Amino acid sequence: MADPDARNVNRAPSEGGEHGKYGGNEGADGYKFEIASVKGLIAPLEESVVGARAVKNGQDKLTAYLQHCGAPELLESGKAFLKEWGFGMGELADHADAVVERLYEAIAGYMLADLMRIKDFWPSDENMAKLPSGAAGKWSWEHVGAPEMEKRPEDTALSKFARKLQSEYGDES
């Protein structure tokens, strides 16, 4: 007969009571820190999107200020600049919208992982696909077993970049 607690192997350490089998630190904050840090990224990014869309959609208003600059060369180059700048800001806003959407998905993933007390969760595409969806998915997690979450890569591009910067600009004291 299989181990009846095998389905709980991927549960967060706070599960299991005061001296529980799975860690027992009932005061654990789960993924509150991760959720708060991702939420902290969203507001400034959304504000930037609003500003970028204002530049894209307000080109006529901006070029109206150039009408009285006194030199036709400045007027034409200013109009050309604002047209290109508006296009670039529109593209930036579109891509930033996609990033904001993924950040909201990450928050939802962290919240579900916190509710389900899943340990070692990070919102990769693979881990997000493993989260239970609906009543049947939750039942399967509780009665059949939860899949093991992918570990966070130890050596990410960001960590490599940070190490390079730290080695170049080491302690200057």
# chains A, B, ... in the order shown; residues from 1 in each chain; ligands from 1
$ residues_around --residues "Thr63 (chain A)" --least-positions-apart "5" --cutoff "8 Å" --atoms "only C-alpha atoms" --output "ChimeraX atom specification"
/A:78-79,82
$ residues_around --residues "Phe81 (chain A)" --least-positions-apart "6" --cutoff "12 Å" --atoms "only C-alpha atoms" --output "tab-separated table (two decimals) with C-alpha atoms, in the first residue's frame"
chain	number	residue	atom	x	y	z
A	55	VAL	CA	1.91	60.38	-26.09
A	56	LYS	CA	0.69	58.03	-28.81
A	59	GLN	CA	0.36	63.71	-31.14
A	62	LEU	CA	1.76	68.07	-29.03
A	63	THR	CA	2.39	69.22	-32.60
A	66	LEU	CA	5.16	73.57	-32.55
A	74	LEU	CA	11.82	73.02	-36.62
A	75	LEU	CA	8.13	72.44	-37.29
A	87	PHE	CA	4.68	55.11	-32.57
A	88	GLY	CA	7.41	53.91	-30.21
A	89	MET	CA	5.37	54.82	-27.13
$ atom_distance --atom1 "CA of Asp114 (chain A)" --atom2 "CA of Gly30 (chain A)"
5.7 Å
$ residues_around --residues "Lys130 (chain A)" --least-positions-apart "6" --cutoff "9 Å" --atoms "only C-alpha atoms" --output "ChimeraX atom specification"
/A:146-149
$ closest_residue --among "A:Arg53, A:Arg102, A:Lys32, A:His68" --to "Trp85 (chain A)" --atoms "only C-alpha atoms"
A:Arg53
$ residues_around --residues "Pro132 (chain A)" --least-positions-apart "4" --cutoff "9 Å" --atoms "only C-alpha atoms" --output "PyMOL selection string"
chain A and resi 112+128+136-141+146
$ residues_around --residues "Glu46 (chain A)" --least-positions-apart "5" --cutoff "8 Å" --atoms "only C-alpha atoms" --output "short mmCIF file (atom, residue, chain, number, x, y, z; two decimals) with C-alpha atoms, in the first residue's frame"
data_model
loop_
_atom_site.label_atom_id
_atom_site.label_comp_id
_atom_site.auth_asym_id
_atom_site.auth_seq_id
_atom_site.Cartn_x
_atom_site.Cartn_y
_atom_site.Cartn_z
CA ALA A 96 3.85 46.69 -21.20
CA ASP A 97 0.17 45.66 -21.20
CA VAL A 100 1.13 43.64 -16.63
#
$ select_by_dssp --residues "region 55-123 of chain A" --states "alpha helix (DSSP H)" --output "PyMOL selection string"
chain A and resi 55-57+59-64+72-115
$ write_last_selection --atoms "N, CA and C atoms" --output "compact mmCIF listing (two decimals), in the first residue's frame"
# COMPACT_ATOMS: atom_id res chain seq x y z
N VAL A 55 1.00 59.87 -25.05
CA VAL A 55 1.91 60.38 -26.09
C VAL A 55 1.47 59.88 -27.46
N LYS A 56 1.11 58.59 -27.53
CA LYS A 56 0.69 58.03 -28.81
C LYS A 56 -0.58 58.70 -29.33
N ASN A 57 -1.55 58.87 -28.45
CA ASN A 57 -2.85 59.40 -28.87
C ASN A 57 -2.91 60.92 -28.88
N GLN A 59 -0.63 63.11 -30.23
CA GLN A 59 0.36 63.71 -31.14
C GLN A 59 -0.12 65.03 -31.73
N ASP A 60 -1.39 65.12 -32.07
CA ASP A 60 -1.91 66.37 -32.64
C ASP A 60 -1.80 67.52 -31.65
N LYS A 61 -2.11 67.23 -30.40
CA LYS A 61 -2.02 68.25 -29.37
C LYS A 61 -0.58 68.70 -29.17
N LEU A 62 0.35 67.73 -29.20
CA LEU A 62 1.76 68.07 -29.03
C LEU A 62 2.31 68.86 -30.22
N THR A 63 1.90 68.48 -31.42
CA THR A 63 2.39 69.22 -32.60
C THR A 63 1.79 70.61 -32.68
N ALA A 64 0.64 70.83 -32.05
CA ALA A 64 0.04 72.16 -32.06
C ALA A 64 0.94 73.17 -31.37
N PRO A 72 10.20 76.87 -40.08
CA PRO A 72 9.54 75.71 -40.70
C PRO A 72 10.36 74.41 -40.54
N GLU A 73 11.67 74.55 -40.49
CA GLU A 73 12.51 73.36 -40.32
C GLU A 73 12.24 72.70 -38.97
N LEU A 74 12.12 73.55 -37.94
CA LEU A 74 11.82 73.02 -36.62
C LEU A 74 10.44 72.37 -36.58
N LEU A 75 9.48 72.98 -37.26
CA LEU A 75 8.13 72.44 -37.29
C LEU A 75 8.12 71.05 -37.92
N GLU A 76 8.76 70.92 -39.08
CA GLU A 76 8.77 69.63 -39.78
C GLU A 76 9.55 68.56 -39.01
N SER A 77 10.72 68.93 -38.49
CA SER A 77 11.49 67.93 -37.74
C SER A 77 10.77 67.57 -36.44
N GLY A 78 10.12 68.53 -35.80
CA GLY A 78 9.35 68.26 -34.59
C GLY A 78 8.18 67.32 -34.85
N LYS A 79 7.48 67.56 -35.97
CA LYS A 79 6.37 66.68 -36.33
C LYS A 79 6.86 65.26 -36.60
N ALA A 80 7.98 65.14 -37.31
CA ALA A 80 8.53 63.81 -37.61
C ALA A 80 8.96 63.10 -36.33
N PHE A 81 9.59 63.87 -35.43
CA PHE A 81 10.01 63.28 -34.16
C PHE A 81 8.82 62.79 -33.35
N LEU A 82 7.79 63.63 -33.25
CA LEU A 82 6.61 63.25 -32.47
C LEU A 82 5.88 62.05 -33.07
N LYS A 83 5.89 61.96 -34.40
CA LYS A 83 5.25 60.81 -35.05
C LYS A 83 5.98 59.52 -34.69
N GLU A 84 7.31 59.54 -34.78
CA GLU A 84 8.10 58.35 -34.44
C GLU A 84 8.03 58.05 -32.94
N TRP A 85 8.10 59.09 -32.15
CA TRP A 85 8.04 58.92 -30.70
C TRP A 85 6.69 58.34 -30.30
N GLY A 86 5.62 58.85 -30.90
CA GLY A 86 4.28 58.33 -30.61
C GLY A 86 4.14 56.87 -31.01
N PHE A 87 4.72 56.51 -32.15
CA PHE A 87 4.68 55.11 -32.57
C PHE A 87 5.42 54.24 -31.56
N GLY A 88 6.61 54.67 -31.17
CA GLY A 88 7.41 53.91 -30.21
C GLY A 88 6.71 53.79 -28.86
N MET A 89 6.09 54.86 -28.41
CA MET A 89 5.37 54.82 -27.13
C MET A 89 4.17 53.89 -27.21
N GLY A 90 3.52 53.86 -28.37
CA GLY A 90 2.39 52.94 -28.55
C GLY A 90 2.84 51.50 -28.50
N GLU A 91 3.96 51.19 -29.14
CA GLU A 91 4.51 49.83 -29.09
C GLU A 91 4.91 49.46 -27.68
N LEU A 92 5.55 50.39 -26.99
CA LEU A 92 5.95 50.16 -25.60
C LEU A 92 4.73 49.89 -24.72
N ALA A 93 3.68 50.66 -24.91
CA ALA A 93 2.46 50.47 -24.12
C ALA A 93 1.84 49.10 -24.39
N ASP A 94 1.83 48.67 -25.66
CA ASP A 94 1.27 47.36 -25.99
C ASP A 94 2.04 46.24 -25.31
N HIS A 95 3.36 46.33 -25.34
CA HIS A 95 4.18 45.29 -24.71
C HIS A 95 4.08 45.36 -23.18
N ALA A 96 3.99 46.55 -22.65
CA ALA A 96 3.85 46.69 -21.20
C ALA A 96 2.51 46.13 -20.73
N ASP A 97 1.46 46.27 -21.55
CA ASP A 97 0.17 45.66 -21.20
C ASP A 97 0.31 44.15 -21.06
N ALA A 98 1.08 43.53 -21.96
CA ALA A 98 1.29 42.09 -21.87
C ALA A 98 2.06 41.72 -20.60
N VAL A 99 3.03 42.56 -20.23
CA VAL A 99 3.79 42.31 -19.01
C VAL A 99 2.90 42.44 -17.78
N VAL A 100 2.06 43.45 -17.75
CA VAL A 100 1.13 43.64 -16.63
C VAL A 100 0.19 42.44 -16.51
N GLU A 101 -0.29 41.96 -17.63
CA GLU A 101 -1.17 40.79 -17.61
C GLU A 101 -0.45 39.57 -17.02
N ARG A 102 0.80 39.36 -17.40
CA ARG A 102 1.56 38.23 -16.84
C ARG A 102 1.85 38.42 -15.36
N LEU A 103 2.05 39.66 -14.93
CA LEU A 103 2.27 39.92 -13.51
C LEU A 103 1.01 39.59 -12.70
N TYR A 104 -0.16 39.93 -13.23
CA TYR A 104 -1.40 39.57 -12.55
C TYR A 104 -1.56 38.05 -12.49
N GLU A 105 -1.16 37.35 -13.55
CA GLU A 105 -1.19 35.89 -13.54
C GLU A 105 -0.25 35.34 -12.47
N ALA A 106 0.92 35.95 -12.33
CA ALA A 106 1.88 35.51 -11.31
C ALA A 106 1.29 35.70 -9.91
N ILE A 107 0.63 36.83 -9.68
CA ILE A 107 0.00 37.07 -8.37
C ILE A 107 -1.06 36.01 -8.10
N ALA A 108 -1.88 35.72 -9.11
CA ALA A 108 -2.92 34.69 -8.94
C ALA A 108 -2.28 33.34 -8.64
N GLY A 109 -1.18 33.03 -9.31
CA GLY A 109 -0.49 31.77 -9.06
C GLY A 109 0.06 31.70 -7.65
N TYR A 110 0.70 32.79 -7.19
CA TYR A 110 1.21 32.82 -5.83
C TYR A 110 0.08 32.69 -4.80
N MET A 111 -1.04 33.36 -5.06
CA MET A 111 -2.16 33.29 -4.12
C MET A 111 -2.71 31.86 -4.04
N LEU A 112 -2.86 31.22 -5.19
CA LEU A 112 -3.35 29.84 -5.19
C LEU A 112 -2.35 28.91 -4.52
N ALA A 113 -1.07 29.11 -4.80
CA ALA A 113 -0.03 28.29 -4.16
C ALA A 113 -0.04 28.50 -2.66
N ASP A 114 -0.30 29.72 -2.22
CA ASP A 114 -0.37 30.01 -0.79
C ASP A 114 -1.59 29.32 -0.17
N LEU A 115 -2.73 29.40 -0.83
CA LEU A 115 -3.94 28.75 -0.33
C LEU A 115 -3.79 27.23 -0.28
$ atom_distance --atom1 "CA of Gly58 (chain A)" --atom2 "CA of Lys39 (chain A)"
28.9 Å
